[in-house]
Amino acid sequence: MSLPGEWFRRVRYLLNRRREDDLLRHEMEAHRERLGDPRRFGNVALLREDARDVWGWRWLDDFGQDLRFAARTLGRGQRPYAATAILTLAIGVGSATAVFSVVNGLLLRPLPFPHPDRLVALHGSTPHPAEGTQVTNLPIYRDESQVFDAFAAYDVGARYISEGNLVERVMVVRTEPEFFSILGVPALYGRTYDRADGPTAVVSSEDFWRRRFGSNPGIIGQPLTLDNHRYTIVGIMPDSFQFPYRAGALLEGPAAQQRSHLWVPYEQPLSPRARLGTVIGRLKANVTLPEAQAELDAIAAHVAATVPNNNGRRISIEPLARSVVAPAMRRLVLLFFAAVVIVLALACANIANLSLARMMARQREVAVRASLGASTSRLGRQLLTESLFIAFAGGATGLLLAWWTVRRLAIAVAAYLPRAHEIVFDWRVFLFMFGVCMAVGVTVAVAPVLLVSRSDPRASLYESSAQSTMSRRQRRLRDALVVAEVALAFVLGASAAATFGELRQLQRTDPGIDTHSVVTVHIGKPRGVVPLDSRPLYDIVDRVGQLPGVRAAGFVQMLPLQSWGWAANAIDFVVRGRPQRNDEFTMELRFVTPGYFEAMGIPIRRGRGFSAVDIATNPRVIIVNETLARRAFPGEDPIGLVTTRGTIVGTIGDVRQAGLDRAPLPELYTPIAQNWSQISDLGMTLVVRAAERPESMIDAISFAIHDVDPGEAIFAVKTMDTVVRDSLSGFAIALSILSGFAILAIALALSGTYGVISYIASSRMREFAIRVALGSGAARVSRYVLGRAVLLTGIGLAAGLVVSFAAMPLLGAAPVSVDAPGPFTLLIVGTLITFVAAMAALVPARRAARVDPIALLRAD
Amino acid sequence: MPRDDGLPPGTLALLILRVLASGPLHGYAIAQRIAQLSKDELSVEEGSLYPALQRLLLKGWVKATAAVSDTGRAVREYRLTDDGRKQLQLERQRFRRMNRAIEAILESA
């Protein structure tokens with residue numbers, strides 16, 4: 001009576017089934033032979049089945065049979081149906097899984113640290129929001145808190161490593177000593193630093209260690225020079241440790257790199273007065289967030305009482321996982337997920353429609369099988385197997401689709417999304433996909449099964465080919481589905497087209513510079529090494545200018561379209577002797593060397609550019625752009641005006657420095673030599689115009705730079721074309737996403753139209769047959785079917801148009817501002833969709849037209 | 001399942017177990033022995049032995065080994081296992097109890 005024994009024997013039987021079956025057959029034959037009267041033995045086939053059923057694997061056999069049958073029928077006469085259904089599903093499941101994996105990576109997966117639920121981020125808050133959200137008086141909180149294990153503040157900055165001849169710019173995270181023990185990730189090699197280490201310990205990332213030190217473990221204990229301070233390497237962090245995420249994005253500006261390279265402790269303990277922008281903390285075990293917040297509030301009250309000028313500052317905490325993803329990003333990702341779930345729902349509705357249409361055509365077959373003895377549950381099981389077959393085939397295809405998409409998506413958005421490297425296929429994603437496939441399979445099977453169980457097999461055997469059993473309301477619903485899908489396709493298609501148009505227009509906008517054959521090179525030096533004057537920069541310009549193939553070269557502190565925001569109030573920018581302005585506006589300041597305008601291709605409209613004459617000891621000169629000239633000195637000739645900032649010696653053409661989609665800002669240029677004290681510790685960007693292929697000149701340029709000043713680090717070398725293209729990346733991404741959704745919507749509309757039209761066609765097959773028999777041409781029948789398709793599409797397009805107009809105000813609120821699509825665009829999109837729908841309707845239409853009336857009517 | 005040979009369900013298994021208690025037999029021999037011992041009173045549909053034997057195999061009350069029949073055909077010989085012997089005892093007791101209960105009702109006025 002042992003149950004495990006029984007199961008063991010069952011499984012053993014399953015594995016040896018064929019042999020057991022043969023043995024039984026031989027036995028029974030032998031027995032039957034020996035009987036005088038074989039009839040006494042009984043029905044061999046039935047007995048063999050009974051004997052097999054004892055072992056309890058019948059359901060497996062049935063399932064296998066169903067599967068084979070499903071594959072056969074789908075492969076033979078149902079190829080358009082199967083292909084459409086599987087493709088539709090693949091799209092739905094694939095896109096839902098892809099977006100879910102993003103949701104999972106960003107929002108669901110716990111942070112990759114031990115006990116991540118105990119990690120929090122601390123923000124300061126004051127009653128006066130303008131004061132900012134920094135944390136102050138952290139040491140007091142540290143002393144007095146009972147519920148926290150530790151706090152650590154950190155910040156990110158660019159530093160320079162100088163080792164031998166190679167000066168490199170790296171992203172360095174400065175942290176308080178408890179930083180690593182809070183996060184709890186052990187070093188890959190060596191160890192992390194803590195309070196016992198002095199301020200000279202440094203920990204490197206694995207990526208940096210690979211690149212710079214050739215993955216040599218012997219680097220532990222070796223020295224490293226950062227900004228002319230000596231450090232000792234104590235450990236290497238694994239690649240999976242990327243905190244703070246998107247370190248480079250915390251620091252705006254040129255060449256913001258995405259990964260932290262090095263971690264170092266602060267040189268000195270932070271004073272209580274320090275205003276800290278980023279602080280993390282670890283709670284003790286079993287402490288809830290409200291408890292911790294209450295304690296912090298109590299300490300804040302104490303601080304307010306004892307520390308002067310506190311301004312009512314307190315600390316608020318949120319889980320670290322939440323703080324890593326900005327609320328706007330979170331909303332956007334969830335919005336995508338909602339959108340893709342709608343796509344999935346529509347895909348399911350489509351397939352349900354499709355299978356209903358099929359069921360109509362197969363009603364006779366089902367009736368025959370029922371009359372041969374198949375029970376309703378057996379038939380239902382068979383249909384369910386078919387649906388599951390399609391669901392899983394679609395799911396497997398969708399999985400491949402999702403895999404391919406997610407990999408590319410993660411790489412493409414790694415620059416914009418934190419935790420992008422955690423967008424992987426883990427168990428949650430697989431579970432989601434499996435669940436979706438099961439749900440879809442069952443949903444899609446329910447409709448036909450209901451139909452089968454309700455219809456009386458005998459009735460459909462006697463009756464002629466399938467009558468429509470749908471009520472009027474059901475038919476309306478079905479038509480409404482197609483209309484909705486067409487409308488959705490139209491709206492998305494129009495938005496994608498509008499964005500595309502906007503992008504093209506921006507690409508054709510004149511930025512005010514000539515980007516052909518221009519390369520840009522950023523240079524920087526460690527802090528604390530400030531040259532006395534700007535001569536090295538000018539020398540570099542001369543040297544590079546003399547290289548063969550170089551037409552012009554010059555420095556600027558900020559490239560157009562890459563960054564802007566070095567501005568001054570123009571209120572006191574007037575001609576000497578005149579009073580202050582009534583209107584104040586901001587003007588951008590740019591510091592350049594001679595040669596910059598030529599290198600950038602900025603036209604000098606009037607007067608002259610800067611030259612070697614404009615040095616520190618000579619009278620101060622400035623150059624203005626046309627917008628500034630118009631704004632500051634309307635109606636006057638600016639050349640020669642002696643202003644509070646210098647004498648205007650020239651005007652240059654406007655440059656769209658803030659973005660191709662924004663108007664040029666007023667801009668004031670001064671020679672670097674005459675303003676050295678203001679900018680001496682900045683990094684500069686060298687702009688070089690080459691006769692051809694500037695990429696080939698980069699080595700020569702680097703050599704020339706290092707020849708003049710070996711202590712300069714060179715980084716972020718890009719052609720100006722790339723800089724311009726990068727500035728449009730927001731639009732490009734929006735376009736990709738919109739286009740992706742638009743294509744999805746069109747595919748859905750296609751399969752939806754196909755399903756509904758084929759249902760209409762097959763449900764009225766008899767009527768068509770009669771019409772054709774009575775003399776109406778076959779072409780008229782197909783035209784009628786096509787006409788229905790076009791009608792539904794037309795209603796859908798009209799609905800889509802209305803929705804587009806209604807949603808127009810939303811476009812303005814979008815992250816990228818796009819003008820409403822013009823009528824021409826709408827016409828193109830509408831025609832495309834109509835064409836697609838017509839294609840989808842063609843197959844059923846032709847099938848209807850080719851119906852042989854005699855065969856159909858005779859078969860009744 | 002309803003059988004038209006008049007045997008209450010489960011008794012076939014009991015009979016087979018009892019027959020095998022005296023020694024291993026193959027299918028045809030089991031059928032012969034049953035007919036013989038019941039003095040031809042019980043002649044089951046012979047083929048129905050085999051599903052019953054399969055069930056006994058599943059439950060582990062009976063074990064099968066390859067053998068050759070008298071006519072030289074490849075058959076299987078079935079023998080009782082220890083579990084099978086215990087089951088035989090249980091079944092015999094249950095059958096007797098059932099019988100006595102039915103007898104008691106029939107005998108009562």
# chains A, B, ... in the order shown; residues from 1 in each chain; ligands from 1

$ closest_atom_pairs --of "chain B" --to "chain A" --cutoff "9 Å" --atoms "only C-alpha atoms" --output "tab-separated table"
residue	atom	partner	partner_atom	distance
B:His26	CA	A:Glu27	CA	8.7
B:Gly27	CA	A:His31	CA	7.0
B:Tyr28	CA	A:His31	CA	5.4
B:Val44	CA	A:Arg40	CA	8.4
B:Glu45	CA	A:Phe41	CA	5.6
B:Glu46	CA	A:Phe41	CA	4.8
B:Gly47	CA	A:Phe41	CA	4.7
B:Ser48	CA	A:Leu47	CA	6.7
B:Tyr50	CA	A:Ala51	CA	6.5
B:Pro51	CA	A:Ala51	CA	4.0
B:Ala52	CA	A:Ala51	CA	7.6
B:Leu53	CA	A:Ala51	CA	8.4
B:Gln54	CA	A:Ala51	CA	6.1
B:Arg55	CA	A:Val54	CA	5.9
B:Leu57	CA	A:Arg9	CA	8.5
B:Leu58	CA	A:Glu6	CA	6.2
B:Lys59	CA	A:Glu6	CA	6.0
B:Gly60	CA	A:Glu6	CA	7.1
B:Trp61	CA	A:Met1	CA	8.8
B:Ala66	CA	A:Leu23	CA	8.8
B:Ser69	CA	A:Ala30	CA	8.4
B:Thr71	CA	A:Ala30	CA	8.4
B:Arg73	CA	A:Ala30	CA	6.4
B:Ala74	CA	A:His26	CA	6.7
B:Val75	CA	A:Glu27	CA	4.9
B:Arg76	CA	A:Glu27	CA	6.9
B:Asp83	CA	A:Met1	CA	7.8
B:Gln87	CA	A:Met1	CA	8.8

$ write_last_selection --atoms "N, CA and C atoms" --output "compact mmCIF listing (two decimals), in the first residue's frame"
# COMPACT_ATOMS: atom_id res chain seq x y z
N HIS B 26 1.37 -18.35 -15.37
CA HIS B 26 1.13 -17.34 -16.40
C HIS B 26 -0.36 -17.21 -16.66
N GLY B 27 -0.75 -16.23 -17.47
CA GLY B 27 -2.14 -15.80 -17.61
C GLY B 27 -3.11 -16.94 -17.92
N TYR B 28 -2.76 -17.71 -18.92
CA TYR B 28 -3.67 -18.79 -19.31
C TYR B 28 -3.87 -19.78 -18.17
N VAL B 44 -14.84 -16.55 -16.18
CA VAL B 44 -14.78 -15.12 -16.50
C VAL B 44 -14.39 -14.94 -17.96
N GLU B 45 -14.73 -13.78 -18.44
CA GLU B 45 -14.20 -13.38 -19.74
C GLU B 45 -12.68 -13.35 -19.59
N GLU B 46 -12.00 -14.26 -20.28
CA GLU B 46 -10.61 -14.52 -19.93
C GLU B 46 -9.69 -13.31 -20.11
N GLY B 47 -10.05 -12.54 -21.10
CA GLY B 47 -9.17 -11.39 -21.33
C GLY B 47 -9.19 -10.40 -20.18
N SER B 48 -10.28 -10.40 -19.41
CA SER B 48 -10.36 -9.40 -18.35
C SER B 48 -9.35 -9.66 -17.24
N TYR B 50 -6.28 -9.66 -17.69
CA TYR B 50 -5.06 -8.87 -17.90
C TYR B 50 -5.11 -7.46 -17.32
N PRO B 51 -6.22 -6.72 -17.51
CA PRO B 51 -6.26 -5.43 -16.80
C PRO B 51 -6.15 -5.62 -15.30
N ALA B 52 -6.81 -6.73 -14.79
CA ALA B 52 -6.73 -6.97 -13.35
C ALA B 52 -5.28 -7.22 -12.94
N LEU B 53 -4.57 -8.03 -13.75
CA LEU B 53 -3.16 -8.31 -13.43
C LEU B 53 -2.33 -7.03 -13.45
N GLN B 54 -2.63 -6.15 -14.40
CA GLN B 54 -1.88 -4.89 -14.46
C GLN B 54 -2.10 -4.08 -13.18
N ARG B 55 -3.35 -4.10 -12.72
CA ARG B 55 -3.62 -3.36 -11.49
C ARG B 55 -2.84 -3.97 -10.33
N LEU B 57 -0.07 -5.51 -10.54
CA LEU B 57 1.33 -5.12 -10.73
C LEU B 57 1.56 -3.70 -10.22
N LEU B 58 0.61 -2.79 -10.55
CA LEU B 58 0.75 -1.40 -10.12
C LEU B 58 0.82 -1.31 -8.61
N LYS B 59 -0.05 -2.07 -7.96
CA LYS B 59 -0.11 -1.98 -6.51
C LYS B 59 1.06 -2.70 -5.85
N GLY B 60 1.81 -3.45 -6.63
CA GLY B 60 2.97 -4.12 -6.07
C GLY B 60 2.62 -5.40 -5.32
N TRP B 61 1.41 -5.94 -5.60
CA TRP B 61 1.05 -7.18 -4.93
C TRP B 61 1.51 -8.39 -5.70
N ALA B 66 9.71 -12.80 -17.08
CA ALA B 66 9.58 -13.37 -18.41
C ALA B 66 9.61 -14.90 -18.32
N SER B 69 5.70 -20.14 -22.40
CA SER B 69 4.53 -21.00 -22.12
C SER B 69 4.78 -22.41 -22.66
N THR B 71 3.31 -23.80 -25.00
CA THR B 71 3.32 -23.82 -26.45
C THR B 71 4.51 -23.07 -27.03
N ARG B 73 5.40 -19.90 -26.52
CA ARG B 73 5.25 -18.47 -26.75
C ARG B 73 5.85 -17.70 -25.59
N ALA B 74 6.26 -16.51 -25.86
CA ALA B 74 6.81 -15.66 -24.80
C ALA B 74 5.67 -15.08 -23.99
N VAL B 75 5.64 -15.41 -22.71
CA VAL B 75 4.60 -14.88 -21.84
C VAL B 75 5.27 -14.36 -20.57
N ARG B 76 4.45 -13.94 -19.62
CA ARG B 76 4.99 -13.51 -18.32
C ARG B 76 4.40 -14.38 -17.24
N ASP B 83 3.88 -8.21 0.05
CA ASP B 83 2.74 -7.29 0.18
C ASP B 83 1.47 -7.96 -0.33
N GLN B 87 -2.06 -8.56 1.48
CA GLN B 87 -3.28 -8.06 0.88
C GLN B 87 -4.30 -9.19 0.73

$ select_by_dssp --residues "segment 165-404 of chain A" --states "strand (DSSP E)" --output "number ranges by chain"
A: 166-175, 189-190, 201-205, 223-226, 229-237, 262-265, 279-283, 314-319

$ write_last_selection --atoms "N, CA and C atoms" --output "short mmCIF file (atom, residue, chain, number, x, y, z; two decimals), in the first residue's frame"
data_model
loop_
_atom_site.label_atom_id
_atom_site.label_comp_id
_atom_site.auth_asym_id
_atom_site.auth_seq_id
_atom_site.Cartn_x
_atom_site.Cartn_y
_atom_site.Cartn_z
N LEU A 166 50.80 59.77 -18.68
CA LEU A 166 49.38 59.68 -19.03
C LEU A 166 48.54 60.42 -18.00
N VAL A 167 47.89 61.48 -18.42
CA VAL A 167 46.95 62.17 -17.55
C VAL A 167 45.54 61.79 -18.01
N GLU A 168 44.73 61.28 -17.09
CA GLU A 168 43.40 60.82 -17.49
C GLU A 168 42.37 61.41 -16.56
N ARG A 169 41.21 61.72 -17.13
CA ARG A 169 40.12 62.27 -16.33
C ARG A 169 39.22 61.12 -15.91
N VAL A 170 38.92 61.06 -14.63
CA VAL A 170 38.10 59.96 -14.11
C VAL A 170 37.00 60.50 -13.21
N MET A 171 35.96 59.68 -13.05
CA MET A 171 34.86 60.04 -12.14
C MET A 171 35.18 59.46 -10.78
N VAL A 172 35.27 60.32 -9.80
CA VAL A 172 35.67 59.88 -8.47
C VAL A 172 34.53 60.16 -7.51
N VAL A 173 34.23 59.18 -6.66
CA VAL A 173 33.20 59.35 -5.65
C VAL A 173 33.90 59.55 -4.32
N ARG A 174 33.66 60.69 -3.68
CA ARG A 174 34.23 60.91 -2.35
C ARG A 174 33.20 60.48 -1.34
N THR A 175 33.59 59.68 -0.37
CA THR A 175 32.60 59.16 0.58
C THR A 175 33.11 59.28 2.00
N TYR A 189 38.79 41.99 -5.15
CA TYR A 189 40.16 41.73 -4.70
C TYR A 189 40.47 42.74 -3.61
N GLY A 190 41.36 42.40 -2.71
CA GLY A 190 41.70 43.34 -1.66
C GLY A 190 40.52 43.56 -0.74
N ALA A 201 43.31 56.03 1.21
CA ALA A 201 42.93 54.76 0.59
C ALA A 201 42.08 55.05 -0.64
N VAL A 202 42.19 54.21 -1.64
CA VAL A 202 41.33 54.36 -2.82
C VAL A 202 40.90 52.98 -3.28
N VAL A 203 39.66 52.89 -3.70
CA VAL A 203 39.11 51.63 -4.21
C VAL A 203 38.77 51.85 -5.68
N SER A 204 39.11 50.91 -6.51
CA SER A 204 38.89 51.07 -7.94
C SER A 204 37.74 50.19 -8.40
N SER A 205 37.06 50.59 -9.48
CA SER A 205 36.04 49.72 -10.06
C SER A 205 36.73 48.67 -10.92
N PRO A 223 50.73 52.68 -5.33
CA PRO A 223 50.27 54.05 -5.20
C PRO A 223 49.50 54.52 -6.43
N LEU A 224 48.70 55.57 -6.22
CA LEU A 224 47.92 56.18 -7.30
C LEU A 224 47.90 57.68 -7.03
N THR A 225 48.12 58.50 -8.05
CA THR A 225 48.11 59.94 -7.85
C THR A 225 46.87 60.56 -8.45
N LEU A 226 46.08 61.20 -7.58
CA LEU A 226 44.86 61.86 -8.05
C LEU A 226 45.02 63.34 -7.76
N HIS A 229 47.57 64.37 -5.39
CA HIS A 229 47.64 63.78 -4.04
C HIS A 229 47.94 62.30 -4.19
N ARG A 230 48.73 61.76 -3.30
CA ARG A 230 49.05 60.35 -3.42
C ARG A 230 48.05 59.50 -2.62
N TYR A 231 47.60 58.44 -3.26
CA TYR A 231 46.70 57.49 -2.60
C TYR A 231 47.30 56.11 -2.74
N THR A 232 46.77 55.17 -1.95
CA THR A 232 47.18 53.77 -2.09
C THR A 232 45.95 52.94 -2.42
N ILE A 233 46.11 52.08 -3.42
CA ILE A 233 44.98 51.24 -3.82
C ILE A 233 44.81 50.12 -2.79
N VAL A 234 43.59 50.00 -2.24
CA VAL A 234 43.39 48.94 -1.26
C VAL A 234 42.47 47.84 -1.79
N GLY A 235 41.69 48.10 -2.83
CA GLY A 235 40.78 47.05 -3.27
C GLY A 235 40.15 47.35 -4.63
N ILE A 236 39.53 46.31 -5.21
CA ILE A 236 38.83 46.42 -6.49
C ILE A 236 37.38 45.99 -6.26
N MET A 237 36.42 46.81 -6.71
CA MET A 237 35.00 46.46 -6.57
C MET A 237 34.54 45.74 -7.84
N LEU A 262 36.50 55.41 -9.34
CA LEU A 262 37.25 55.27 -8.10
C LEU A 262 36.42 55.80 -6.93
N TRP A 263 36.67 55.20 -5.76
CA TRP A 263 36.07 55.73 -4.53
C TRP A 263 37.20 56.12 -3.58
N VAL A 264 37.07 57.29 -2.96
CA VAL A 264 38.08 57.72 -1.99
C VAL A 264 37.35 58.29 -0.78
N PRO A 265 38.01 58.29 0.40
CA PRO A 265 37.39 58.94 1.56
C PRO A 265 37.59 60.45 1.46
N VAL A 279 23.14 61.50 0.82
CA VAL A 279 23.49 60.78 2.04
C VAL A 279 22.71 59.47 2.05
N ILE A 280 23.41 58.38 2.41
CA ILE A 280 22.70 57.10 2.56
C ILE A 280 22.83 56.64 4.01
N GLY A 281 21.96 55.73 4.39
CA GLY A 281 22.02 55.22 5.76
C GLY A 281 21.52 53.79 5.81
N ARG A 282 21.93 53.07 6.83
CA ARG A 282 21.42 51.70 7.03
C ARG A 282 20.74 51.63 8.38
N LEU A 283 19.49 51.15 8.37
CA LEU A 283 18.74 51.00 9.61
C LEU A 283 19.19 49.73 10.31
N ARG A 314 14.92 69.70 8.68
CA ARG A 314 14.84 68.36 9.21
C ARG A 314 15.26 67.40 8.13
N ILE A 315 15.34 66.13 8.52
CA ILE A 315 15.76 65.10 7.56
C ILE A 315 14.57 64.20 7.28
N SER A 316 14.33 63.91 6.03
CA SER A 316 13.33 62.92 5.68
C SER A 316 14.04 61.75 4.99
N ILE A 317 13.46 60.56 5.14
CA ILE A 317 14.10 59.38 4.55
C ILE A 317 13.15 58.70 3.58
N GLU A 318 13.72 58.06 2.60
CA GLU A 318 12.94 57.18 1.74
C GLU A 318 13.79 55.96 1.42
N PRO A 319 13.16 54.85 1.09
CA PRO A 319 13.94 53.67 0.77
C PRO A 319 14.90 53.96 -0.38
#

$ atom_distance --atom1 "atom CA of Asp82 of chain B" --atom2 "atom CA of Leu15 of chain B"
16.6 Å
